[in-house]
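Structure file run27.pdb (PDB, C-alpha atoms (C1' of nucleotides)) follows.
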```pdb
ATOM      1  CA  MET A 663       8.044 -15.610  -0.305
ATOM      2  CA  LYS A 664       6.663 -18.935  -1.397
ATOM      3  CA  LEU A 665       3.221 -20.371  -1.163
ATOM      4  CA  SER A 666       3.369 -23.620   0.799
ATOM      5  CA  SER A 667       2.426 -26.902  -0.778
ATOM      6  CA  LYS A 668      -0.666 -26.902   1.386
ATOM      7  CA  GLY A 669      -2.009 -24.074  -0.720
ATOM      8  CA  ARG A 670      -0.990 -25.642  -3.994
ATOM      9  CA  TYR A 671      -2.182 -29.132  -3.178
ATOM     10  CA  GLY A 672      -5.378 -28.021  -1.524
ATOM     11  CA  LEU A 673      -6.354 -25.841  -4.453
ATOM     12  CA  LYS A 674      -5.776 -28.772  -6.790
ATOM     13  CA  ALA A 675      -8.068 -30.902  -4.674
ATOM     14  CA  MET A 676     -10.698 -28.169  -4.715
ATOM     15  CA  CYS A 677     -10.505 -28.111  -8.513
ATOM     16  CA  GLU A 678     -11.135 -31.819  -8.563
ATOM     17  CA  LEU A 679     -14.177 -31.427  -6.321
ATOM     18  CA  ALA A 680     -15.383 -28.578  -8.511
ATOM     19  CA  LYS A 681     -15.143 -30.689 -11.650
ATOM     20  CA  HIS A 682     -17.545 -33.150 -10.101
ATOM     21  CA  TYR A 683     -19.813 -30.643  -8.391
ATOM     22  CA  GLY A 684     -23.370 -31.940  -8.173
ATOM     23  CA  GLU A 685     -22.325 -35.546  -8.702
ATOM     24  CA  GLY A 686     -22.203 -36.515  -5.030
ATOM     25  CA  ALA A 687     -19.205 -37.132  -2.845
ATOM     26  CA  LEU A 688     -15.674 -38.027  -3.945
ATOM     27  CA  SER A 689     -13.667 -40.364  -1.740
ATOM     28  CA  LEU A 690     -10.239 -39.479  -0.417
ATOM     29  CA  PRO A 691      -8.529 -42.293  -2.358
ATOM     30  CA  TYR A 692     -10.146 -41.054  -5.541
ATOM     31  CA  ILE A 693      -9.076 -37.428  -5.061
ATOM     32  CA  ALA A 694      -5.579 -38.503  -4.069
ATOM     33  CA  GLY A 695      -5.379 -40.641  -7.193
ATOM     34  CA  GLU A 696      -6.451 -37.836  -9.503
ATOM     35  CA  THR A 697      -4.191 -35.226  -7.950
ATOM     36  CA  LEU A 698      -1.272 -37.614  -7.348
ATOM     37  CA  LEU A 699      -0.992 -36.609  -3.703
ATOM     38  CA  SER A 700      -0.460 -38.731  -0.602
ATOM     39  CA  GLU A 701      -3.791 -39.749   0.917
ATOM     40  CA  LYS A 702      -2.738 -39.035   4.459
ATOM     41  CA  TYR A 703      -1.385 -35.590   3.736
ATOM     42  CA  LEU A 704      -4.346 -34.647   1.593
ATOM     43  CA  GLU A 705      -6.652 -35.802   4.365
ATOM     44  CA  GLN A 706      -5.237 -33.132   6.653
ATOM     45  CA  LEU A 707      -5.739 -30.428   4.066
ATOM     46  CA  LEU A 708      -9.335 -31.474   3.487
ATOM     47  CA  SER A 709      -9.974 -31.372   7.205
ATOM     48  CA  VAL A 710      -8.834 -27.743   7.254
ATOM     49  CA  LEU A 711     -11.068 -26.879   4.325
ATOM     50  CA  LYS A 712     -13.952 -28.575   6.089
ATOM     51  CA  LYS A 713     -13.351 -26.721   9.337
ATOM     52  CA  ASP A 714     -13.526 -23.500   7.348
ATOM     53  CA  ASP A 715     -16.806 -24.548   5.806
ATOM     54  CA  LEU A 716     -15.678 -24.725   2.212
ATOM     55  CA  ILE A 717     -16.352 -28.430   1.856
ATOM     56  CA  ASP A 718     -18.373 -31.024   3.691
ATOM     57  CA  ALA A 719     -18.160 -34.797   3.975
ATOM     58  CA  THR A 720     -20.267 -37.898   4.483
ATOM     59  CA  ARG A 721     -18.813 -40.758   6.479
ATOM     60  CA  GLY A 722     -19.092 -44.495   6.091
ATOM     61  CA  ALA A 723     -18.895 -46.686   3.017
ATOM     62  CA  SER A 724     -19.366 -44.777  -0.260
ATOM     63  CA  GLY A 725     -18.921 -41.537   1.634
ATOM     64  CA  GLY A 726     -16.592 -38.747   0.648
ATOM     65  CA  TYR A 727     -16.055 -35.024   0.240
ATOM     66  CA  PHE A 728     -17.982 -32.420  -1.712
ATOM     67  CA  LEU A 729     -18.107 -28.637  -2.118
ATOM     68  CA  LYS A 730     -20.438 -26.843   0.218
ATOM     69  CA  ARG A 731     -21.188 -24.126  -2.343
ATOM     70  CA  ALA A 732     -21.189 -23.915  -6.117
ATOM     71  CA  PRO A 733     -17.785 -23.427  -7.805
ATOM     72  CA  GLU A 734     -18.781 -19.956  -9.013
ATOM     73  CA  ASP A 735     -19.442 -18.935  -5.398
ATOM     74  CA  ILE A 736     -16.072 -19.970  -4.017
ATOM     75  CA  SER A 737     -13.049 -17.747  -4.588
ATOM     76  CA  VAL A 738      -9.424 -18.786  -4.727
ATOM     77  CA  GLY A 739      -8.804 -16.225  -2.009
ATOM     78  CA  GLU A 740     -11.092 -18.015   0.429
ATOM     79  CA  ILE A 741      -9.432 -21.335  -0.295
ATOM     80  CA  LEU A 742      -5.885 -20.075   0.144
ATOM     81  CA  ARG A 743      -6.668 -18.083   3.273
ATOM     82  CA  SER A 744      -8.083 -21.272   4.740
ATOM     83  CA  LEU A 745      -5.153 -23.500   3.808
ATOM     84  CA  GLU A 746      -2.402 -20.994   4.518
ATOM     85  CA  ASN A 747      -4.048 -19.832   7.692
ATOM     86  CA  GLY A 748      -4.359 -16.286   6.402
ATOM     87  CA  LEU A 749      -2.409 -14.500   3.709
ATOM     88  CA  GLU A 750      -0.682 -11.958   5.950
ATOM     89  CA  ILE A 751       2.824 -11.670   4.453
ATOM     90  CA  VAL A 752       4.248 -10.259   7.676
ATOM     91  CA  ASP A 753       3.225 -10.872  11.278
ATOM     92  CA  CYS A 754       2.604  -7.244  12.118
ATOM     93  CA  LEU A 755      -0.473  -7.324   9.861
ATOM     94  CA  SER A 756      -2.214  -9.862  12.026
ATOM     95  CA  GLY A 757      -1.895  -9.013  15.709
ATOM     96  CA  GLU A 758      -1.449  -5.421  16.582
ATOM     97  CA  CYS A 759       1.759  -3.621  15.624
ATOM     98  CA  GLU A 760       2.794  -1.269  18.392
ATOM     99  CA  ASN A 761       4.741   1.171  16.252
ATOM    100  CA  LYS A 762       2.589   1.143  13.152
ATOM    101  CA  SER A 763       2.740   4.911  13.036
ATOM    102  CA  THR A 764       6.525   5.294  13.010
ATOM    103  CA  CYS A 765       7.378   2.179  10.982
ATOM    104  CA  HIS A 766       8.534   3.031   7.467
ATOM    105  CA  THR A 767       7.612  -0.319   5.995
ATOM    106  CA  TYR A 768       4.207  -1.008   7.492
ATOM    107  CA  GLY A 769       2.485   0.808   4.653
ATOM    108  CA  VAL A 770       4.106  -1.442   2.070
ATOM    109  CA  TRP A 771       2.936  -4.639   3.701
ATOM    110  CA  SER A 772      -0.570  -3.429   4.208
ATOM    111  CA  LYS A 773      -0.886  -2.246   0.612
ATOM    112  CA  LEU A 774       0.539  -5.491  -0.735
ATOM    113  CA  TYR A 775      -1.770  -7.500   1.509
ATOM    114  CA  ARG A 776      -4.790  -5.709   0.102
ATOM    115  CA  GLU A 777      -3.645  -6.254  -3.485
ATOM    116  CA  ILE A 778      -3.029  -9.954  -2.989
ATOM    117  CA  ASN A 779      -6.454 -10.500  -1.486
ATOM    118  CA  LYS A 780      -8.162  -8.413  -4.137
ATOM    119  CA  CYS A 781      -6.485 -10.387  -6.881
ATOM    120  CA  LEU A 782      -7.318 -13.792  -5.425
ATOM    121  CA  ASP A 783     -10.842 -12.915  -4.380
ATOM    122  CA  GLY A 784     -11.490 -11.961  -7.991
ATOM    123  CA  ILE A 785     -10.967 -15.496  -9.247
ATOM    124  CA  SER A 786     -13.632 -18.159  -8.705
ATOM    125  CA  LEU A 787     -13.136 -21.893  -8.667
ATOM    126  CA  LYS A 788     -15.371 -22.123 -11.705
ATOM    127  CA  GLU A 789     -13.130 -19.850 -13.757
ATOM    128  CA  LEU A 790     -10.232 -22.049 -12.785
ATOM    129  CA  ILE A 791     -11.625 -25.301 -14.103
ATOM    130  CA  GLU A 792     -13.013 -23.679 -17.215
ATOM    131  CA  GLY A 793      -9.768 -21.869 -17.999
ATOM    132  CA  GLU A 794     -11.257 -18.376 -17.673
TER     133      GLU A 794
ATOM    134  CA  MET B  85       2.939 -17.239   2.567
ATOM    135  CA  LYS B  86       5.259 -15.118   4.638
ATOM    136  CA  LEU B  87       7.973 -12.729   3.649
ATOM    137  CA  SER B  88      11.231 -13.844   5.246
ATOM    138  CA  SER B  89      13.054 -11.655   7.695
ATOM    139  CA  LYS B  90      15.682 -11.092   5.021
ATOM    140  CA  GLY B  91      13.191  -9.013   3.145
ATOM    141  CA  ARG B  92      11.971  -7.154   6.196
ATOM    142  CA  TYR B  93      15.395  -6.513   7.673
ATOM    143  CA  GLY B  94      17.020  -5.659   4.378
ATOM    144  CA  LEU B  95      14.325  -3.160   3.491
ATOM    145  CA  LYS B  96      14.789  -1.512   6.868
ATOM    146  CA  ALA B  97      18.497  -1.201   6.200
ATOM    147  CA  MET B  98      17.808   0.284   2.799
ATOM    148  CA  CYS B  99      15.568   2.888   4.424
ATOM    149  CA  GLU B 100      18.402   3.802   6.732
ATOM    150  CA  LEU B 101      20.763   4.220   3.778
ATOM    151  CA  ALA B 102      18.139   6.280   1.988
ATOM    152  CA  LYS B 103      17.740   8.624   4.920
ATOM    153  CA  HIS B 104      21.428   9.461   4.675
ATOM    154  CA  TYR B 105      21.681   9.456   0.894
ATOM    155  CA  GLY B 106      24.330  11.883  -0.298
ATOM    156  CA  GLU B 107      26.073  12.007   3.071
ATOM    157  CA  GLY B 108      28.717   9.409   2.280
ATOM    158  CA  ALA B 109      28.966   5.847   3.518
ATOM    159  CA  LEU B 110      27.346   4.338   6.615
ATOM    160  CA  SER B 111      29.270   1.668   8.492
ATOM    161  CA  LEU B 112      27.810  -1.736   9.270
ATOM    162  CA  PRO B 113      27.911  -1.166  13.045
ATOM    163  CA  TYR B 114      26.035   2.095  12.582
ATOM    164  CA  ILE B 115      23.295   0.562  10.424
ATOM    165  CA  ALA B 116      22.969  -2.403  12.762
ATOM    166  CA  GLY B 117      22.637  -0.029  15.679
ATOM    167  CA  GLU B 118      19.907   2.019  14.047
ATOM    168  CA  THR B 119      17.913  -0.982  12.840
ATOM    169  CA  LEU B 120      18.569  -3.110  15.936
ATOM    170  CA  LEU B 121      19.778  -6.037  13.870
ATOM    171  CA  SER B 122      22.719  -8.366  14.387
ATOM    172  CA  GLU B 123      25.799  -7.077  12.567
ATOM    173  CA  LYS B 124      26.779 -10.426  11.178
ATOM    174  CA  TYR B 125      23.354 -11.243   9.832
ATOM    175  CA  LEU B 126      22.871  -7.801   8.362
ATOM    176  CA  GLU B 127      26.256  -8.094   6.701
ATOM    177  CA  GLN B 128      25.003 -11.037   4.684
ATOM    178  CA  LEU B 129      21.944  -9.139   3.553
ATOM    179  CA  LEU B 130      24.013  -6.150   2.492
ATOM    180  CA  SER B 131      26.306  -8.409   0.504
ATOM    181  CA  VAL B 132      23.286  -9.660  -1.436
ATOM    182  CA  LEU B 133      22.099  -6.126  -2.095
ATOM    183  CA  LYS B 134      25.565  -5.233  -3.268
ATOM    184  CA  LYS B 135      25.814  -8.217  -5.594
ATOM    185  CA  ASP B 136      22.547  -7.066  -7.156
ATOM    186  CA  ASP B 137      23.928  -3.589  -7.638
ATOM    187  CA  LEU B 138      21.548  -1.724  -5.384
ATOM    188  CA  ILE B 139      24.221  -0.558  -2.991
ATOM    189  CA  ASP B 140      27.975  -0.188  -3.045
ATOM    190  CA  ALA B 141      30.634  -0.088  -0.373
ATOM    191  CA  THR B 142      34.038   1.361   0.391
ATOM    192  CA  ARG B 143      36.464  -0.709   2.414
ATOM    193  CA  GLY B 144      38.925   0.195   5.088
ATOM    194  CA  ALA B 145      38.659   2.546   8.023
ATOM    195  CA  SER B 146      35.804   5.037   7.743
ATOM    196  CA  GLY B 147      34.359   2.962   4.919
ATOM    197  CA  GLY B 148      30.790   1.765   4.696
ATOM    198  CA  TYR B 149      27.767   1.228   2.523
ATOM    199  CA  PHE B 150      25.752   3.622   0.400
ATOM    200  CA  LEU B 151      22.964   3.547  -2.195
ATOM    201  CA  LYS B 152      24.104   3.219  -5.756
ATOM    202  CA  ARG B 153      21.146   5.246  -7.037
ATOM    203  CA  ALA B 154      18.903   7.940  -5.612
ATOM    204  CA  PRO B 155      16.060   6.777  -3.315
ATOM    205  CA  GLU B 156      13.465   7.879  -5.845
ATOM    206  CA  ASP B 157      15.043   5.619  -8.469
ATOM    207  CA  ILE B 158      14.994   2.448  -6.380
ATOM    208  CA  SER B 159      11.735   0.532  -6.005
ATOM    209  CA  VAL B 160      10.711  -1.711  -3.158
ATOM    210  CA  GLY B 161      10.159  -4.416  -5.775
ATOM    211  CA  GLU B 162      13.806  -4.386  -6.784
ATOM    212  CA  ILE B 163      14.926  -4.583  -3.193
ATOM    213  CA  LEU B 164      12.672  -7.481  -2.259
ATOM    214  CA  ARG B 165      13.403  -9.444  -5.419
ATOM    215  CA  SER B 166      17.066  -9.145  -4.557
ATOM    216  CA  LEU B 167      16.732 -10.183  -0.926
ATOM    217  CA  GLU B 168      14.120 -12.888  -1.421
ATOM    218  CA  ASN B 169      15.852 -14.198  -4.501
ATOM    219  CA  GLY B 170      12.867 -13.462  -6.690
ATOM    220  CA  LEU B 171       9.213 -13.087  -5.760
ATOM    221  CA  GLU B 172       7.936 -16.186  -7.539
ATOM    222  CA  ILE B 173       5.306 -17.546  -5.152
ATOM    223  CA  VAL B 174       5.500 -21.016  -6.704
ATOM    224  CA  ASP B 175       8.418 -22.801  -8.333
ATOM    225  CA  CYS B 176       6.692 -23.449 -11.643
ATOM    226  CA  LEU B 177       6.887 -19.689 -12.358
ATOM    227  CA  SER B 178      10.652 -19.718 -12.404
ATOM    228  CA  GLY B 179      12.012 -22.635 -14.377
ATOM    229  CA  GLU B 180       9.822 -24.039 -17.078
ATOM    230  CA  CYS B 181       6.588 -25.789 -16.155
ATOM    231  CA  GLU B 182       6.075 -28.777 -18.426
ATOM    232  CA  ASN B 183       2.289 -28.879 -18.194
ATOM    233  CA  LYS B 184       1.545 -25.180 -18.085
ATOM    234  CA  SER B 185      -1.171 -25.682 -20.672
ATOM    235  CA  THR B 186      -3.181 -28.310 -18.815
ATOM    236  CA  CYS B 187      -2.589 -27.064 -15.264
ATOM    237  CA  HIS B 188      -5.674 -25.445 -13.764
ATOM    238  CA  THR B 189      -3.794 -23.366 -11.254
ATOM    239  CA  TYR B 190      -0.901 -21.990 -13.292
ATOM    240  CA  GLY B 191      -2.960 -19.002 -14.378
ATOM    241  CA  VAL B 192      -3.633 -17.996 -10.785
ATOM    242  CA  TRP B 193       0.024 -17.968  -9.829
ATOM    243  CA  SER B 194       1.108 -16.055 -12.868
ATOM    244  CA  LYS B 195      -1.597 -13.428 -12.394
ATOM    245  CA  LEU B 196      -0.784 -13.039  -8.716
ATOM    246  CA  TYR B 197       2.918 -12.805  -9.508
ATOM    247  CA  ARG B 198       2.282  -9.941 -11.895
ATOM    248  CA  GLU B 199       0.106  -8.097  -9.378
ATOM    249  CA  ILE B 200       2.650  -8.419  -6.591
ATOM    250  CA  ASN B 201       5.441  -7.074  -8.747
ATOM    251  CA  LYS B 202       3.303  -4.279 -10.098
ATOM    252  CA  CYS B 203       2.358  -3.203  -6.598
ATOM    253  CA  LEU B 204       5.902  -3.258  -5.242
ATOM    254  CA  ASP B 205       7.500  -1.703  -8.301
ATOM    255  CA  GLY B 206       5.140   1.213  -7.843
ATOM    256  CA  ILE B 207       6.639   2.183  -4.505
ATOM    257  CA  SER B 208       9.999   3.933  -4.336
ATOM    258  CA  LEU B 209      12.387   4.032  -1.425
ATOM    259  CA  LYS B 210      11.876   7.765  -1.266
ATOM    260  CA  GLU B 211       8.134   7.438  -0.747
ATOM    261  CA  LEU B 212       8.866   5.025   2.061
ATOM    262  CA  ILE B 213      11.024   7.309   4.120
ATOM    263  CA  GLU B 214       8.818  10.300   3.478
ATOM    264  CA  GLY B 215       5.611   8.416   4.354
ATOM    265  CA  GLU B 216       4.146   8.697   0.838
TER     266      GLU B 216
ATOM    267  C1'  DA C 860     -21.196 -58.581   9.739
ATOM    268  C1'  DT C 861     -18.144 -56.448   6.719
ATOM    269  C1'  DA C 862     -15.668 -53.415   4.159
ATOM    270  C1'  DA C 863     -15.128 -48.794   2.886
ATOM    271  C1'  DT C 864     -14.906 -44.684   4.330
ATOM    272  C1'  DA C 865     -14.065 -40.105   7.190
ATOM    273  C1'  DC C 866     -11.947 -38.487  11.585
ATOM    274  C1'  DC C 867      -8.272 -37.670  14.965
ATOM    275  C1'  DT C 868      -3.657 -37.279  17.048
ATOM    276  C1'  DA C 869       1.135 -37.968  17.530
ATOM    277  C1'  DG C 870       5.374 -37.578  15.787
ATOM    278  C1'  DA C 871       9.312 -38.408  12.304
ATOM    279  C1'  DA C 872      11.836 -36.514   8.434
ATOM    280  C1'  DA C 873      13.219 -32.919   5.549
ATOM    281  C1'  DA C 874      13.849 -28.344   4.308
ATOM    282  C1'  DT C 875      14.337 -23.635   5.221
ATOM    283  C1'  DT C 876      15.482 -19.762   7.855
ATOM    284  C1'  DG C 877      17.897 -17.180  11.162
ATOM    285  C1'  DA C 878      21.956 -16.383  13.425
ATOM    286  C1'  DT C 879      26.852 -17.031  14.979
ATOM    287  C1'  DA C 880      31.906 -17.435  14.385
ATOM    288  C1'  DG C 881      36.396 -16.594  12.735
ATOM    289  C1'  DG C 882      39.637 -15.114   9.802
ATOM    290  C1'  DG C 883      41.349 -12.344   5.542
ATOM    291  C1'  DA C 884      41.866  -8.065   2.736
ATOM    292  C1'  DT C 885      41.784  -3.145   2.468
ATOM    293  C1'  DT C 886      42.507   1.535   3.725
ATOM    294  C1'  DA C 887      42.157   6.062   6.317
ATOM    295  C1'  DA C 888      44.427   8.097   9.782
ATOM    296  C1'  DA C 889      47.586   8.431  13.769
TER     297       DA C 889
ATOM    298  C1'  DT D 193      54.596   2.662   8.889
ATOM    299  C1'  DT D 194      51.830   0.849  12.234
ATOM    300  C1'  DT D 195      47.197   0.576  13.848
ATOM    301  C1'  DA D 196      42.463   0.236  14.107
ATOM    302  C1'  DA D 197      38.326   0.257  11.654
ATOM    303  C1'  DT D 198      36.110  -1.409   8.267
ATOM    304  C1'  DC D 199      34.209  -4.585   4.340
ATOM    305  C1'  DC D 200      34.586  -9.448   2.539
ATOM    306  C1'  DC D 201      34.147 -14.477   2.550
ATOM    307  C1'  DT D 202      32.865 -19.088   4.058
ATOM    308  C1'  DA D 203      31.511 -22.551   7.155
ATOM    309  C1'  DT D 204      28.424 -24.136  10.422
ATOM    310  C1'  DC D 205      25.047 -24.399  14.087
ATOM    311  C1'  DA D 206      20.394 -23.703  16.062
ATOM    312  C1'  DA D 207      15.651 -23.023  15.604
ATOM    313  C1'  DT D 208      11.619 -23.201  13.202
ATOM    314  C1'  DT D 209       8.458 -24.622   9.886
ATOM    315  C1'  DT D 210       6.843 -27.646   6.539
ATOM    316  C1'  DT D 211       5.947 -32.003   4.667
ATOM    317  C1'  DC D 212       4.740 -36.457   5.281
ATOM    318  C1'  DT D 213       3.895 -41.013   7.685
ATOM    319  C1'  DA D 214       1.598 -44.048  10.953
ATOM    320  C1'  DG D 215      -1.901 -46.037  13.625
ATOM    321  C1'  DG D 216      -5.956 -46.156  15.601
ATOM    322  C1'  DT D 217     -11.359 -44.875  16.143
ATOM    323  C1'  DA D 218     -16.093 -43.905  14.582
ATOM    324  C1'  DT D 219     -19.538 -44.260  11.082
ATOM    325  C1'  DT D 220     -22.400 -46.208   7.572
ATOM    326  C1'  DA D 221     -23.935 -48.332   3.003
ATOM    327  C1'  DT D 222     -24.194 -52.817   1.394
TER     328       DT D 222
END
```
Take the structure I supplied and represent it as structure tokens, if you would.
Amino acid sequence: MKLSSKGRYGLKAMCELAKHYGEGALSLPYIAGETLLSEKYLEQLLSVLKKDDLIDATRGASGGYFLKRAPEDISVGEILRSLENGLEIVDCLSGECENKSTCHTYGVWSKLYREINKCLDGISLKELIEGE
Amino acid sequence: MKLSSKGRYGLKAMCELAKHYGEGALSLPYIAGETLLSEKYLEQLLSVLKKDDLIDATRGASGGYFLKRAPEDISVGEILRSLENGLEIVDCLSGECENKSTCHTYGVWSKLYREINKCLDGISLKELIEGE
DNA sequence: ATAATACCTAGAAAATTGATAGGGATTAAA
DNA sequence: TTTAATCCCTATCAATTTTCTAGGTATTAT
């Protein structure tokens, strides 16, 4: 049960944006340079984060990406759910499970799912860059 | 961040063994039949669980697998750590991370790791088959 | 105009996971 | 003592997912 690199990389990028919150937009090459990630791969992650309304961007020369809300108002949970396309650890949590009632293990997954979300929703981007 | 089918299948098999705890060994074909899993694949999962001392087996005709401890003394955490080869959601948790001190995200992973284990260690196999 | 940027889509490469196959060793029971 | 049922071991294939690369288009400050 590993987090994908999308989650890890994307969260790093979000930290970078948070560090410069209020200073205008950061360009893709800049973020890639700071986080040591491939520009093209990072671009795809940022597009996901944008689709989910966590960041926004301005196009054209001297354009770039920036947080849509303040770092203290964005939780790690939101970011990871966006990048990982949900944090459901088993498929029967999303979609309907037909034998939820008789399945011995359903309860485990649903409890774990709640705990994971609770934990991650309790950490803000601001705490992250300040080292709680 | 998905649990692999090893974890899901293996836990199912463990439930089956728990249901018949104290009744002697269950054969691979029997367990596969009850859980609707491929014999050969399940065999590999059981061998992992055996290596990690959660189950034991007797060979030869009328042999089979059985729990090494009572269902109330085996936690879901133990089972999943065995099958998933640890529950570290990122690699820097296992192995040493060289820049643990400067990394903004290390704290998140380590906190989440603790929560996941705490949650799963708090559920016993017995609770599972009895529906807590 | 130009150069720097975000945006979009297709697909290759690599890694992981899921599953199959076949044979060997052991042992209860006929 | 033979037989059949079982666990044990290892190799390998197939499918899926993840990671990453490539190339072009649209937009905009300078």
Every residue with an atom at most 12 Å from (1.5, -37.7, 17.1) (file coordinates; only C-alpha atoms (C1' of nucleotides)) is what I'm after, so could you write them as a tab-separated table (two decimals) with C-alpha atoms (C1' of nucleotides), in the coordinates of the input?
```tsv
chain	number	residue	atom	x	y	z
C	867	DC	C1'	-8.27	-37.67	14.96
C	868	DT	C1'	-3.66	-37.28	17.05
C	869	DA	C1'	1.14	-37.97	17.53
C	870	DG	C1'	5.37	-37.58	15.79
C	871	DA	C1'	9.31	-38.41	12.30
D	213	DT	C1'	3.90	-41.01	7.68
D	214	DA	C1'	1.60	-44.05	10.95
D	215	DG	C1'	-1.90	-46.04	13.62
D	216	DG	C1'	-5.96	-46.16	15.60
```
Report task. Give as a PyMOL selection string the residues that the PyMOL selection byres ((chain D and resi 220) around 7) matches when applied to the coordinates above. Result -> (chain A and resi 721-723) or (chain D and resi 219+221)
Requested in this report: Provide as a ChimeraX atom specification the residues of chain B at most 6 Å from chain A, counting only C-alpha atoms.
Outcome: /B:85-87,173-174,188,212-213
Report task. Run the PyMOL selection byres ((chain C) within 6 of (chain B)) mentally over the shown coordinates, then write out the matched residues as a PyMOL selection string, using the chain letters and numbers from the document. Result -> chain C and resi 885-887
Query raised in the report: Hey, what comes out of the PyMOL selection byres ((chain D and resi 218) around 9) on this file? Could you write it as a ChimeraX atom specification?
Result: /C:865-866 /D:217,219
Report task. Excluding Thr119 (chain B) and any residue of its chain fewer than 3 positions from it, enumerate the residues within 7 Å of it, using only C-alpha atoms (C1' of nucleotides), and give them as a list in words. Result ->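 Near neighbours after the sequence-gap exclusion: Lys96, Ala97, Ile115 and Ala116 of chain B.
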Query raised in the report: Which distance in Å separates C1' of DA873 (chain C) and CA of Gly672 (chain A), to one decimal?
Result: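 Atom-to-atom, C1' of DA873 (chain C) and CA of Gly672 (chain A) are spaced 20.5 Å apart.
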**Report entry** Exercise: residues within 6 Å of coordinate (-10.6, -34.3, 1.0), counting all atoms listed in the file, as a PyMOL selection string
**Finding:** chain A and resi 690+705+708+727
Query raised in the report: Between D:DT204, D:DT210, D:DT193, D:DT198, which one has atoms that come closest to chain B, using all atoms listed in the file?
Result: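 The closest residue to chain B is D:DT198.
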Query raised in the report: By how many Å are CA of Val132 (chain B) and C1' of DT209 (chain D) apart?
Result: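 Interatomic distance here is 23.9 Å.
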Report task. For CA of Ile741 (chain A) and CA of Lys712 (chain A), determine how far apart the two atoms are, in Å to one decimal place. Result ->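 Atom-to-atom, CA of Ile741 (chain A) and CA of Lys712 (chain A) are spaced 10.7 Å apart.
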Take every atom of region 762-781 of chain A listed in the file, pad by 6 Å on each side, and give me the axis-aligned box centre and edge lengths in Å, one decimal, as JSON.
```
{"center_x": 0.2, "center_y": -2.6, "center_z": 3.1, "size_x": 28.7, "size_y": 27.8, "size_z": 32.0}
```
Report task. List the neighbours of Asp137 (chain B) out to 10 Å using all atoms listed in the file; skip same-chain residues closer than 6 positions along the sequence, and give me the result as a PyMOL selection string. Result -> chain B and resi 131+151-153+166
Requested in this report: Report as a VMD selection string the set of chain D residues whose atoms approach chain B to within 12 Å, with distances computed over only C-alpha atoms (C1' of nucleotides).
Outcome: chain D and resid 195 to 202 209 to 210
